[in-house]
file work.pdb (PDB, C-alpha atoms and all ligand atoms)
ATOM      1  CA  MET A   1      11.233-141.457  52.142
ATOM      2  CA  THR A   2       7.733-139.989  51.618
ATOM      3  CA  THR A   3       4.786-142.364  51.148
ATOM      4  CA  PRO A   4       3.684-142.484  47.477
ATOM      5  CA  ASP A   5       0.298-140.846  46.916
ATOM      6  CA  LEU A   6      -1.779-143.609  45.294
ATOM      7  CA  TYR A   7      -4.912-141.437  45.236
ATOM      8  CA  PRO A   8      -3.883-137.930  44.159
ATOM      9  CA  SER A   9      -6.715-135.444  44.622
ATOM     10  CA  ARG A  10      -6.903-131.651  45.001
ATOM     11  CA  VAL A  11      -3.392-131.423  43.584
ATOM     12  CA  GLY A  12      -4.354-128.622  41.201
ATOM     13  CA  GLY A  13      -5.379-130.998  38.391
ATOM     14  CA  GLU A  14      -8.673-131.666  36.671
ATOM     15  CA  ALA A  15     -11.511-133.846  38.010
ATOM     16  CA  GLU A  16     -10.767-137.448  37.044
ATOM     17  CA  LEU A  17     -12.157-140.925  37.712
ATOM     18  CA  LEU A  18      -9.282-143.210  38.760
ATOM     19  CA  SER A  19      -9.363-146.917  39.543
ATOM     20  CA  ARG A  20      -9.378-148.285  43.071
ATOM     21  CA  LYS A  21      -6.060-149.845  44.080
ATOM     22  CA  ASP A  22      -7.246-151.592  47.242
ATOM     23  CA  PRO A  23      -9.440-154.632  47.863
ATOM     24  CA  VAL A  24     -12.875-154.020  49.368
ATOM     25  CA  LEU A  25     -12.654-157.050  51.687
ATOM     26  CA  HIS A  26      -9.264-157.312  53.382
ATOM     27  CA  GLY A  27      -7.164-160.147  54.772
ATOM     28  CA  ALA A  28      -9.131-163.302  55.393
ATOM     29  CA  ALA A  29     -12.398-161.315  55.482
ATOM     30  CA  GLY A  30     -14.258-164.170  53.847
ATOM     31  CA  ALA A  31     -13.183-166.470  56.653
ATOM     32  CA  GLU A  32     -15.685-167.595  59.272
ATOM     33  CA  GLY A  33     -15.674-166.017  62.691
ATOM     34  CA  GLY A  34     -17.480-162.808  61.988
ATOM     35  CA  PRO A  35     -21.173-161.816  62.169
ATOM     36  CA  LEU A  36     -21.506-161.327  58.403
ATOM     37  CA  SER A  37     -22.409-164.254  56.173
ATOM     38  CA  ARG A  38     -20.590-164.950  52.920
ATOM     39  CA  ALA A  39     -23.632-163.608  51.054
ATOM     40  CA  GLU A  40     -23.582-160.382  53.096
ATOM     41  CA  LEU A  41     -19.850-159.956  52.501
ATOM     42  CA  ALA A  42     -20.365-160.532  48.759
ATOM     43  CA  SER A  43     -23.148-157.936  48.724
ATOM     44  CA  PHE A  44     -20.923-155.414  50.545
ATOM     45  CA  GLU A  45     -18.074-156.077  48.113
ATOM     46  CA  ARG A  46     -20.343-155.622  45.077
ATOM     47  CA  ALA A  47     -22.327-152.538  46.171
ATOM     48  CA  GLY A  48     -19.851-150.864  48.534
ATOM     49  CA  PHE A  49     -22.422-150.965  51.343
ATOM     50  CA  LEU A  50     -24.679-153.353  53.224
ATOM     51  CA  VAL A  51     -27.944-152.568  55.039
ATOM     52  CA  LEU A  52     -28.651-154.646  58.169
ATOM     53  CA  GLU A  53     -32.336-154.118  59.038
ATOM     54  CA  ASN A  54     -33.499-154.407  62.660
ATOM     55  CA  CYS A  55     -29.973-154.602  63.997
ATOM     56  CA  PHE A  56     -31.145-152.948  67.211
ATOM     57  CA  SER A  57     -34.525-153.365  68.938
ATOM     58  CA  ALA A  58     -36.946-150.472  69.328
ATOM     59  CA  ASP A  59     -35.927-150.194  73.011
ATOM     60  CA  GLU A  60     -32.207-150.156  72.148
ATOM     61  CA  VAL A  61     -32.743-147.460  69.508
ATOM     62  CA  ALA A  62     -34.875-145.445  71.946
ATOM     63  CA  ALA A  63     -32.007-145.546  74.464
ATOM     64  CA  LEU A  64     -29.517-144.412  71.792
ATOM     65  CA  ARG A  65     -31.910-141.645  70.718
ATOM     66  CA  GLU A  66     -32.284-140.497  74.336
ATOM     67  CA  GLU A  67     -28.490-140.363  74.740
ATOM     68  CA  ALA A  68     -28.214-138.411  71.463
ATOM     69  CA  SER A  69     -30.700-135.792  72.680
ATOM     70  CA  GLN A  70     -29.055-135.584  76.110
ATOM     71  CA  LEU A  71     -25.687-135.098  74.383
ATOM     72  CA  ARG A  72     -27.183-132.314  72.286
ATOM     73  CA  GLU A  73     -28.533-130.630  75.442
ATOM     74  CA  ARG A  74     -25.201-131.015  77.243
ATOM     75  CA  LEU A  75     -23.263-129.487  74.331
ATOM     76  CA  ALA A  76     -25.732-126.875  73.015
ATOM     77  CA  GLY A  77     -24.119-123.466  73.119
ATOM     78  CA  SER A  78     -20.873-124.922  74.498
ATOM     79  CA  GLY A  79     -18.836-123.614  71.566
ATOM     80  CA  LYS A  80     -16.809-126.827  71.770
ATOM     81  CA  PRO A  81     -14.927-127.686  68.537
ATOM     82  CA  GLU A  82     -16.679-131.076  68.415
ATOM     83  CA  VAL A  83     -19.998-129.264  67.842
ATOM     84  CA  ILE A  84     -20.866-128.169  64.296
ATOM     85  CA  THR A  85     -23.907-125.951  63.780
ATOM     86  CA  GLU A  86     -25.956-125.333  60.643
ATOM     87  CA  SER A  87     -24.962-122.132  58.846
ATOM     88  CA  GLY A  88     -27.842-119.683  59.086
ATOM     89  CA  SER A  89     -30.088-121.283  61.711
ATOM     90  CA  GLY A  90     -27.311-122.199  64.156
ATOM     91  CA  GLU A  91     -29.145-125.482  64.850
ATOM     92  CA  MET A  92     -26.902-128.368  65.830
ATOM     93  CA  ARG A  93     -25.706-130.114  62.654
ATOM     94  CA  SER A  94     -23.159-132.648  63.964
ATOM     95  CA  VAL A  95     -21.274-133.636  67.093
ATOM     96  CA  PHE A  96     -17.929-135.390  66.671
ATOM     97  CA  ALA A  97     -15.979-137.762  68.952
ATOM     98  CA  ILE A  98     -19.178-139.062  70.552
ATOM     99  CA  HIS A  99     -17.430-142.293  71.590
ATOM    100  CA  ARG A 100     -15.211-140.113  73.786
ATOM    101  CA  SER A 101     -17.910-137.866  75.306
ATOM    102  CA  SER A 102     -20.604-140.486  75.924
ATOM    103  CA  ALA A 103     -20.277-143.770  77.831
ATOM    104  CA  PRO A 104     -23.249-145.387  76.005
ATOM    105  CA  PHE A 105     -21.696-144.494  72.645
ATOM    106  CA  ALA A 106     -18.293-145.766  73.830
ATOM    107  CA  ARG A 107     -20.030-149.082  74.565
ATOM    108  CA  LEU A 108     -21.801-148.985  71.205
ATOM    109  CA  ALA A 109     -18.412-148.684  69.448
ATOM    110  CA  ARG A 110     -17.509-152.042  71.071
ATOM    111  CA  HIS A 111     -20.861-153.686  70.245
ATOM    112  CA  PRO A 112     -20.146-157.043  68.537
ATOM    113  CA  HIS A 113     -22.692-156.357  65.745
ATOM    114  CA  LEU A 114     -20.534-153.364  64.768
ATOM    115  CA  LEU A 115     -16.969-154.026  65.950
ATOM    116  CA  ASP A 116     -16.804-157.649  64.776
ATOM    117  CA  ALA A 117     -18.345-156.764  61.396
ATOM    118  CA  ALA A 118     -15.708-154.048  60.918
ATOM    119  CA  ARG A 119     -12.908-156.440  61.893
ATOM    120  CA  GLN A 120     -14.288-159.021  59.449
ATOM    121  CA  ILE A 121     -14.417-156.583  56.515
ATOM    122  CA  LEU A 122     -11.047-154.984  57.289
ATOM    123  CA  GLY A 123      -9.365-158.302  58.114
ATOM    124  CA  SER A 124      -7.554-156.932  61.179
ATOM    125  CA  ALA A 125      -7.860-155.274  64.555
ATOM    126  CA  VAL A 126      -9.411-151.810  64.272
ATOM    127  CA  TYR A 127      -9.578-148.461  66.050
ATOM    128  CA  VAL A 128     -12.137-145.649  65.813
ATOM    129  CA  HIS A 129     -10.940-143.088  63.276
ATOM    130  CA  GLN A 130     -13.969-140.818  63.741
ATOM    131  CA  SER A 131     -17.404-140.878  65.356
ATOM    132  CA  ARG A 132     -20.257-138.422  64.974
ATOM    133  CA  ILE A 133     -23.985-137.847  65.057
ATOM    134  CA  ASN A 134     -25.500-135.952  62.152
ATOM    135  CA  TYR A 135     -28.712-134.556  63.604
ATOM    136  CA  LYS A 136     -30.223-133.168  60.382
ATOM    137  CA  PRO A 137     -32.853-131.235  62.362
ATOM    138  CA  ALA A 138     -36.428-130.778  61.177
ATOM    139  CA  PHE A 139     -37.119-127.795  58.874
ATOM    140  CA  ARG A 140     -33.511-126.575  59.026
ATOM    141  CA  GLY A 141     -31.289-129.617  58.333
ATOM    142  CA  ARG A 142     -28.978-128.732  55.457
ATOM    143  CA  GLU A 143     -27.533-131.073  52.858
ATOM    144  CA  PHE A 144     -24.311-133.058  52.911
ATOM    145  CA  TYR A 145     -23.218-132.733  49.297
ATOM    146  CA  TRP A 146     -21.883-135.765  47.417
ATOM    147  CA  HIS A 147     -18.462-136.931  48.554
ATOM    148  CA  SER A 148     -16.218-139.904  49.223
ATOM    149  CA  ASP A 149     -15.148-139.850  52.868
ATOM    150  CA  PHE A 150     -11.877-141.516  51.894
ATOM    151  CA  GLU A 151     -11.008-138.600  49.563
ATOM    152  CA  THR A 152     -11.120-136.252  52.557
ATOM    153  CA  TRP A 153      -9.480-138.701  54.952
ATOM    154  CA  HIS A 154      -6.670-139.281  52.432
ATOM    155  CA  VAL A 155      -6.042-135.628  51.530
ATOM    156  CA  GLU A 156      -6.701-134.013  54.915
ATOM    157  CA  ASP A 157      -5.919-136.836  57.386
ATOM    158  CA  GLY A 158      -3.202-138.828  55.611
ATOM    159  CA  MET A 159      -5.174-142.100  55.398
ATOM    160  CA  ARG A 160      -3.036-143.976  52.872
ATOM    161  CA  ARG A 161      -5.186-146.920  51.777
ATOM    162  CA  MET A 162      -8.890-147.702  51.435
ATOM    163  CA  ARG A 163      -9.118-149.932  54.515
ATOM    164  CA  ALA A 164     -11.746-148.232  56.682
ATOM    165  CA  VAL A 165     -15.477-148.776  57.027
ATOM    166  CA  SER A 166     -18.264-146.484  58.246
ATOM    167  CA  VAL A 167     -21.098-147.873  60.345
ATOM    168  CA  SER A 168     -24.214-145.722  60.362
ATOM    169  CA  VAL A 169     -26.977-146.414  62.896
ATOM    170  CA  SER A 170     -30.321-144.794  62.027
ATOM    171  CA  LEU A 171     -31.755-143.272  65.197
ATOM    172  CA  LEU A 172     -34.820-141.888  63.453
ATOM    173  CA  GLU A 173     -36.682-142.692  60.254
ATOM    174  CA  ASN A 174     -34.736-141.989  57.062
ATOM    175  CA  ASN A 175     -37.526-141.624  54.511
ATOM    176  CA  VAL A 176     -37.539-140.240  50.989
ATOM    177  CA  HIS A 177     -38.677-136.840  52.250
ATOM    178  CA  ASN A 178     -36.389-135.933  55.166
ATOM    179  CA  GLY A 179     -32.933-136.093  53.596
ATOM    180  CA  PRO A 180     -32.034-139.785  53.905
ATOM    181  CA  LEU A 181     -28.459-141.031  53.511
ATOM    182  CA  LEU A 182     -28.085-141.634  49.744
ATOM    183  CA  LEU A 183     -25.472-144.089  48.476
ATOM    184  CA  ILE A 184     -24.337-144.830  44.916
ATOM    185  CA  PRO A 185     -23.967-148.611  44.497
ATOM    186  CA  GLY A 186     -20.627-149.604  42.931
ATOM    187  CA  SER A 187     -19.107-146.120  43.260
ATOM    188  CA  HIS A 188     -16.490-147.455  45.716
ATOM    189  CA  ARG A 189     -14.666-149.161  42.847
ATOM    190  CA  TYR A 190     -13.555-145.796  41.399
ATOM    191  CA  PHE A 191     -11.646-142.931  42.983
ATOM    192  CA  ALA A 192     -13.151-139.545  42.066
ATOM    193  CA  SER A 193     -10.080-137.324  42.073
ATOM    194  CA  CYS A 194     -11.192-133.757  42.779
ATOM    195  CA  PRO A 195      -9.934-130.522  41.214
ATOM    196  CA  GLY A 196      -8.526-127.491  43.020
ATOM    197  CA  LEU A 197      -6.428-127.274  46.145
ATOM    198  CA  THR A 198      -7.378-127.640  49.827
ATOM    199  CA  PRO A 199      -7.796-124.324  51.682
ATOM    200  CA  GLU A 200      -5.953-124.037  55.034
ATOM    201  CA  ARG A 201      -8.065-125.274  58.017
ATOM    202  CA  HIS A 202     -10.648-126.434  55.467
ATOM    203  CA  TYR A 203     -12.550-128.419  58.122
ATOM    204  CA  GLU A 204     -13.667-125.154  59.758
ATOM    205  CA  ARG A 205     -15.930-124.703  56.738
ATOM    206  CA  SER A 206     -16.288-128.158  55.143
ATOM    207  CA  LEU A 207     -18.158-129.735  58.053
ATOM    208  CA  GLN A 208     -20.890-127.104  57.604
ATOM    209  CA  GLN A 209     -20.812-127.046  53.792
ATOM    210  CA  GLN A 210     -18.215-128.930  51.759
ATOM    211  CA  GLU A 211     -16.911-127.058  48.698
ATOM    212  CA  TYR A 212     -13.538-128.760  48.115
ATOM    213  CA  GLY A 213     -13.070-132.485  47.688
ATOM    214  CA  VAL A 214     -16.398-132.432  45.837
ATOM    215  CA  PRO A 215     -16.647-134.614  42.711
ATOM    216  CA  ALA A 216     -17.400-132.947  39.369
ATOM    217  CA  PRO A 217     -21.041-133.225  38.122
ATOM    218  CA  ALA A 218     -20.002-135.224  35.031
ATOM    219  CA  ILE A 219     -18.312-137.799  37.309
ATOM    220  CA  LEU A 220     -21.382-137.998  39.569
ATOM    221  CA  GLU A 221     -23.645-138.465  36.509
ATOM    222  CA  ASP A 222     -21.356-141.268  35.317
ATOM    223  CA  LEU A 223     -21.361-143.030  38.715
ATOM    224  CA  VAL A 224     -25.167-142.758  39.066
ATOM    225  CA  ARG A 225     -25.652-143.980  35.496
ATOM    226  CA  ARG A 226     -23.549-147.035  36.306
ATOM    227  CA  GLY A 227     -25.047-147.811  39.738
ATOM    228  CA  GLY A 228     -28.238-145.883  40.414
ATOM    229  CA  LEU A 229     -29.116-144.276  43.767
ATOM    230  CA  GLU A 230     -30.268-145.889  46.990
ATOM    231  CA  PRO A 231     -31.823-144.193  50.082
ATOM    232  CA  VAL A 232     -31.360-146.265  53.253
ATOM    233  CA  GLY A 233     -32.217-146.475  56.872
ATOM    234  CA  PRO A 234     -35.329-147.340  58.930
ATOM    235  CA  PRO A 235     -34.714-146.778  62.713
ATOM    236  CA  GLY A 236     -32.518-149.466  64.250
ATOM    237  CA  SER A 237     -31.060-150.392  60.884
ATOM    238  CA  VAL A 238     -27.306-150.282  60.404
ATOM    239  CA  VAL A 239     -25.594-149.365  57.148
ATOM    240  CA  LEU A 240     -22.006-150.508  56.712
ATOM    241  CA  PHE A 241     -20.353-148.574  53.899
ATOM    242  CA  ASP A 242     -16.865-148.623  52.468
ATOM    243  CA  CYS A 243     -14.750-145.515  53.136
ATOM    244  CA  ASN A 244     -14.833-144.712  49.414
ATOM    245  CA  THR A 245     -18.528-145.198  48.601
ATOM    246  CA  MET A 246     -19.938-141.983  47.155
ATOM    247  CA  HIS A 247     -22.740-140.675  49.375
ATOM    248  CA  GLY A 248     -24.597-137.559  50.385
ATOM    249  CA  SER A 249     -27.976-136.402  51.702
ATOM    250  CA  ASN A 250     -30.464-133.695  50.818
ATOM    251  CA  GLY A 251     -31.643-130.927  53.101
ATOM    252  CA  ASN A 252     -34.546-131.558  55.468
ATOM    253  CA  ILE A 253     -37.507-129.154  55.367
ATOM    254  CA  THR A 254     -39.963-131.707  56.791
ATOM    255  CA  PRO A 255     -41.150-131.774  60.410
ATOM    256  CA  TRP A 256     -39.264-135.061  60.840
ATOM    257  CA  PRO A 257     -35.644-134.868  62.103
ATOM    258  CA  ARG A 258     -33.359-137.535  60.656
ATOM    259  CA  SER A 259     -30.486-138.286  62.995
ATOM    260  CA  ASN A 260     -27.896-140.903  62.115
ATOM    261  CA  LEU A 261     -24.983-141.969  64.282
ATOM    262  CA  PHE A 262     -21.672-142.853  62.597
ATOM    263  CA  LEU A 263     -18.716-144.890  63.833
ATOM    264  CA  VAL A 264     -15.755-145.093  61.462
ATOM    265  CA  TYR A 265     -13.404-148.039  61.986
ATOM    266  CA  ASN A 266      -9.947-147.971  60.409
ATOM    267  CA  SER A 267      -7.564-150.926  60.251
ATOM    268  CA  VAL A 268      -4.671-150.661  62.706
ATOM    269  CA  GLU A 269      -2.551-151.619  59.668
ATOM    270  CA  ASN A 270      -3.609-148.401  57.932
ATOM    271  CA  PRO A 271      -2.565-145.739  60.450
ATOM    272  CA  LEU A 272      -2.796-142.079  59.430
ATOM    273  CA  GLY A 273       0.399-140.499  58.131
ATOM    274  CA  PRO A 274       1.048-136.880  57.192
ATOM    275  CA  PRO A 275      -1.910-135.419  55.213
ATOM    276  CA  PHE A 276      -1.344-135.677  51.451
ATOM    277  CA  SER A 277      -2.409-132.037  51.211
ATOM    278  CA  GLY A 278       0.921-131.213  52.860
ATOM    279  CA  GLN A 279      -0.986-129.313  55.543
ATOM    280  CA  SER A 280      -1.087-129.885  59.324
ATOM    281  CA  PRO A 281      -3.191-132.825  60.541
ATOM    282  CA  ARG A 282      -6.815-132.128  61.471
ATOM    283  CA  PRO A 283      -7.735-132.132  65.181
ATOM    284  CA  ALA A 284      -8.052-135.462  66.994
ATOM    285  CA  HIS A 285     -11.820-135.083  67.468
ATOM    286  CA  ILE A 286     -12.227-135.334  63.671
ATOM    287  CA  ALA A 287      -9.395-137.763  62.889
ATOM    288  CA  SER A 288      -7.990-139.809  65.780
ATOM    289  CA  ARG A 289      -4.276-140.547  65.848
ATOM    290  CA  ASP A 290      -4.617-142.999  68.725
ATOM    291  CA  PHE A 291      -4.250-146.292  66.805
ATOM    292  CA  THR A 292      -4.665-148.521  69.888
ATOM    293  CA  PRO A 293      -6.713-151.557  68.797
ATOM    294  CA  LEU A 294     -10.284-151.418  70.114
ATOM    295  CA  ASP A 295     -11.097-154.388  72.341
ATOM    296  CA  GLY A 296     -14.533-155.994  72.562
ATOM    297  CA  ASP A 297     -17.132-154.987  75.127
ATOM    298  CA  GLY A 298     -15.578-157.108  77.829
TER     299      GLY A 298
HETATM  300  O1  LIG A 301     -14.486-134.472  56.773
HETATM  301  C1  LIG A 301     -14.961-135.441  57.358
HETATM  302  O2  LIG A 301     -14.288-136.286  57.944
HETATM  303  C2  LIG A 301     -16.461-135.483  57.431
HETATM  304  N1  LIG A 301     -17.086-134.973  56.261
HETATM  305  C3  LIG A 301     -18.064-135.626  55.621
HETATM  306  C4  LIG A 301     -18.893-134.882  54.668
HETATM  307  N2  LIG A 301     -18.275-136.937  55.779
HETATM  308  C5  LIG A 301     -17.270-137.654  56.613
HETATM  309  C6  LIG A 301     -16.955-136.837  57.799
HETATM  310  O3  LIG A 301     -18.023-136.653  58.612
HETATM  311 FE    FE A 302     -19.446-138.530  54.682
END
call {"tool": "encode", "arguments": {"input": "work.pdb", "output": "structure tokens"}}
result
Amino acid sequence: MTTPDLYPSRVGGEAELLSRKDPVLHGAAGAEGGPLSRAELASFERAGFLVLENCFSADEVAALREEASQLRERLAGSGKPEVITESGSGEMRSVFAIHRSSAPFARLARHPHLLDAARQILGSAVYVHQSRINYKPAFRGREFYWHSDFETWHVEDGMRRMRAVSVSVSLLENNVHNGPLLLIPGSHRYFASCPGLTPERHYERSLQQQEYGVPAPAILEDLVRRGGLEPVGPPGSVVLFDCNTMHGSNGNITPWPRSNLFLVYNSVENPLGPPFSGQSPRPAHIASRDFTPLDGDG
């Protein structure tokens, strides 16, 4: 019996704004025992994201930044599938599966500030669905057009329900000039179903420049009219955002690189199934199919 598709998108229909069918906070998320206060949980539920300023000290961020640049040096020119370069300049755009290729980032994925907050929001044990650094280099960093991560993870990875949370750690200043992560408050409460169909091996293009699974302008105007726009992220700050919160970032022509590190936690009760596109699953470095619960940092 095939799993019903509760969030049809890229099924050859028109762009449409559907309602969300999943809670934002899962299980006993409001219960004590996690790092987030009731007020923080309420803010996350209302906006679809939560900014935790000064989550990491300047020294801790400096160590993460150093590891990010060492990782870039180790992988530059490697041609590894985890490395995505900017079209045109060839500068490093993103590196995926960083919790697998870097011991410090594997430890970060188990950091209680992050892991316990994800468990609290998702109301269960969790595993890492995806991890990445978006380097957004100076002068040449290109945009990440508006999208809901869940729309892609549902259509191309077979993520059935909205029960995953992204944790973004700002390694460098996100300011209004250098292409900060932009979020649309409240957009997580709607599902922007996208037109068209998914091309085969779409990820070979979409991670450089996404053209499918992109909401229609009228739907984006509607979401921004309802909720506004919010740039986030001084260094050391952490942004928790729901898998379905509409977000994007502009290109970066300033001299200031803007690298953000992402860890995506999915509930172990929401394991990936066959992609709803009907195509083959994406590679493990983009969408893990190892659903072993992540334990704390010992
Ligand atoms: O396809 C994905 O999984 C990736 N694409 C975007 C634009 N955000 C989430 C993730 O990095
Ligand atoms: Fe994204």
call {"tool": "residues_near_ligand", "arguments": {"input": "work.pdb", "ligand": "ligand FE 302 (chain A)", "cutoff": "7 Å", "atoms": "all atoms listed in the file", "output": "VMD selection string"}}
result
chain A and resid 147 to 149 247 to 248
call {"tool": "residues_near_ligand", "arguments": {"input": "work.pdb", "ligand": "ligand LIG 301 (chain A)", "cutoff": "7 Å", "atoms": "all atoms listed in the file", "output": "list in words"}}
result
Arg132, Phe144, His147, Asp149, Thr152, Trp153, Tyr203, Ser206, Leu207, Gln210 and Ile286 of chain A
call {"tool": "resolve_selection", "arguments": {"input": "work.pdb", "expression": "the PyMOL selection byres (((chain A and resi 7) around 9) and not hetatm)", "output": "MDAnalysis selection string"}}
result
chainID A and resid 4:6 8:9 18 20:21 151 154:155 160:161 191 193
call {"tool": "write_last_selection", "arguments": {"input": "work.pdb", "atoms": "C-alpha atoms", "output": "CSV table (one decimal), keeping the file's coordinate frame"}}
result
chain,number,residue,atom,x,y,z
A,4,PRO,CA,3.7,-142.5,47.5
A,5,ASP,CA,0.3,-140.8,46.9
A,6,LEU,CA,-1.8,-143.6,45.3
A,8,PRO,CA,-3.9,-137.9,44.2
A,9,SER,CA,-6.7,-135.4,44.6
A,18,LEU,CA,-9.3,-143.2,38.8
A,20,ARG,CA,-9.4,-148.3,43.1
A,21,LYS,CA,-6.1,-149.8,44.1
A,151,GLU,CA,-11.0,-138.6,49.6
A,154,HIS,CA,-6.7,-139.3,52.4
A,155,VAL,CA,-6.0,-135.6,51.5
A,160,ARG,CA,-3.0,-144.0,52.9
A,161,ARG,CA,-5.2,-146.9,51.8
A,191,PHE,CA,-11.6,-142.9,43.0
A,193,SER,CA,-10.1,-137.3,42.1
call {"tool": "resolve_selection", "arguments": {"input": "work.pdb", "expression": "the PyMOL selection byres (((chain A and resi 195) around 12) and not hetatm)", "output": "ChimeraX atom specification"}}
result
/A:8-17,151,192-194,196-198,211-217,219
call {"tool": "write_last_selection", "arguments": {"input": "work.pdb", "atoms": "C-alpha atoms", "output": "mmCIF file, in the coordinates of the input"}}
result
data_model
loop_
_atom_site.group_PDB
_atom_site.id
_atom_site.type_symbol
_atom_site.label_atom_id
_atom_site.label_comp_id
_atom_site.auth_asym_id
_atom_site.auth_seq_id
_atom_site.Cartn_x
_atom_site.Cartn_y
_atom_site.Cartn_z
ATOM 1 C CA PRO A 8 -3.883 -137.930 44.159
ATOM 2 C CA SER A 9 -6.715 -135.444 44.622
ATOM 3 C CA ARG A 10 -6.903 -131.651 45.001
ATOM 4 C CA VAL A 11 -3.392 -131.423 43.584
ATOM 5 C CA GLY A 12 -4.354 -128.622 41.201
ATOM 6 C CA GLY A 13 -5.379 -130.998 38.391
ATOM 7 C CA GLU A 14 -8.673 -131.666 36.671
ATOM 8 C CA ALA A 15 -11.511 -133.846 38.010
ATOM 9 C CA GLU A 16 -10.767 -137.448 37.044
ATOM 10 C CA LEU A 17 -12.157 -140.925 37.712
ATOM 11 C CA GLU A 151 -11.008 -138.600 49.563
ATOM 12 C CA ALA A 192 -13.151 -139.545 42.066
ATOM 13 C CA SER A 193 -10.080 -137.324 42.073
ATOM 14 C CA CYS A 194 -11.192 -133.757 42.779
ATOM 15 C CA GLY A 196 -8.526 -127.491 43.020
ATOM 16 C CA LEU A 197 -6.428 -127.274 46.145
ATOM 17 C CA THR A 198 -7.378 -127.640 49.827
ATOM 18 C CA GLU A 211 -16.911 -127.058 48.698
ATOM 19 C CA TYR A 212 -13.538 -128.760 48.115
ATOM 20 C CA GLY A 213 -13.070 -132.485 47.688
ATOM 21 C CA VAL A 214 -16.398 -132.432 45.837
ATOM 22 C CA PRO A 215 -16.647 -134.614 42.711
ATOM 23 C CA ALA A 216 -17.400 -132.947 39.369
ATOM 24 C CA PRO A 217 -21.041 -133.225 38.122
ATOM 25 C CA ILE A 219 -18.312 -137.799 37.309
#
call {"tool": "atom_distance", "arguments": {"input": "work.pdb", "atom1": "CA of Leu71 in chain A", "atom2": "CA of Asp290 in chain A"}}
result
23.2 Å
call {"tool": "resolve_selection", "arguments": {"input": "work.pdb", "expression": "the PyMOL selection byres (((chain A and resi 253-258) around 9) and not hetatm)", "output": "tab-separated table (two decimals) with C-alpha atoms, keeping the file's coordinate frame"}}
result
chain	number	residue	atom	x	y	z
A	134	ASN	CA	-25.50	-135.95	62.15
A	135	TYR	CA	-28.71	-134.56	63.60
A	136	LYS	CA	-30.22	-133.17	60.38
A	137	PRO	CA	-32.85	-131.24	62.36
A	138	ALA	CA	-36.43	-130.78	61.18
A	139	PHE	CA	-37.12	-127.80	58.87
A	140	ARG	CA	-33.51	-126.58	59.03
A	141	GLY	CA	-31.29	-129.62	58.33
A	142	ARG	CA	-28.98	-128.73	55.46
A	170	SER	CA	-30.32	-144.79	62.03
A	171	LEU	CA	-31.76	-143.27	65.20
A	172	LEU	CA	-34.82	-141.89	63.45
A	173	GLU	CA	-36.68	-142.69	60.25
A	174	ASN	CA	-34.74	-141.99	57.06
A	175	ASN	CA	-37.53	-141.62	54.51
A	177	HIS	CA	-38.68	-136.84	52.25
A	178	ASN	CA	-36.39	-135.93	55.17
A	179	GLY	CA	-32.93	-136.09	53.60
A	180	PRO	CA	-32.03	-139.78	53.90
A	251	GLY	CA	-31.64	-130.93	53.10
A	252	ASN	CA	-34.55	-131.56	55.47
A	259	SER	CA	-30.49	-138.29	63.00
A	260	ASN	CA	-27.90	-140.90	62.12
call {"tool": "closest_atom_pairs", "arguments": {"input": "work.pdb", "of": "range 92-180 of chain A", "to": "range 43-53 of chain A", "cutoff": "12 Å", "atoms": "only C-alpha atoms", "output": "Markdown table"}}
result
| residue | atom | partner | partner_atom | distance |
| --- | --- | --- | --- | --- |
| A:His113 | CA | A:Leu52 | CA | 9.8 |
| A:Leu114 | CA | A:Leu52 | CA | 10.5 |
| A:Ala117 | CA | A:Leu50 | CA | 10.9 |
| A:Ala118 | CA | A:Phe44 | CA | 11.7 |
| A:Gln120 | CA | A:Phe44 | CA | 11.7 |
| A:Ile121 | CA | A:Phe44 | CA | 8.9 |
| A:Leu122 | CA | A:Glu45 | CA | 11.6 |
| A:Ser148 | CA | A:Gly48 | CA | 11.6 |
| A:Met162 | CA | A:Gly48 | CA | 11.8 |
| A:Ala164 | CA | A:Gly48 | CA | 11.8 |
| A:Val165 | CA | A:Phe49 | CA | 9.2 |
| A:Ser166 | CA | A:Phe49 | CA | 9.2 |
| A:Val167 | CA | A:Phe49 | CA | 9.6 |
| A:Ser168 | CA | A:Val51 | CA | 9.4 |
| A:Val169 | CA | A:Leu52 | CA | 9.6 |
| A:Ser170 | CA | A:Glu53 | CA | 10.0 |
call {"tool": "closest_residue", "arguments": {"input": "work.pdb", "among": "A:Val128, A:Ala68, A:Leu223, A:Leu108", "to": "Ser187 in chain A", "atoms": "all atoms listed in the file"}}
result
A:Leu223
call {"tool": "closest_residue", "arguments": {"input": "work.pdb", "among": "A:Arg110, A:Arg100, A:Arg201, A:Arg72", "to": "Ser288 in chain A", "atoms": "all atoms listed in the file"}}
result
A:Arg100
call {"tool": "residues_near_point", "arguments": {"input": "work.pdb", "point": "(5.3, -136.7, 54.4)", "cutoff": "7 Å", "atoms": "only C-alpha atoms", "output": "mmCIF file with C-alpha atoms, in the frame of the given file"}}
result
data_model
loop_
_atom_site.group_PDB
_atom_site.id
_atom_site.type_symbol
_atom_site.label_atom_id
_atom_site.label_comp_id
_atom_site.auth_asym_id
_atom_site.auth_seq_id
_atom_site.Cartn_x
_atom_site.Cartn_y
_atom_site.Cartn_z
ATOM 1 C CA THR A 2 7.733 -139.989 51.618
ATOM 2 C CA THR A 3 4.786 -142.364 51.148
ATOM 3 C CA PRO A 274 1.048 -136.880 57.192
#
call {"tool": "closest_residue", "arguments": {"input": "work.pdb", "among": "A:Met246, A:Val24, A:Ala97, A:Val126", "to": "Phe262 in chain A", "atoms": "only C-alpha atoms"}}
result
A:Ala97
call {"tool": "closest_residue", "arguments": {"input": "work.pdb", "among": "A:Glu221, A:Glu204, A:Glu86, A:Met92", "to": "Ser69 in chain A", "atoms": "all atoms listed in the file"}}
result
A:Met92
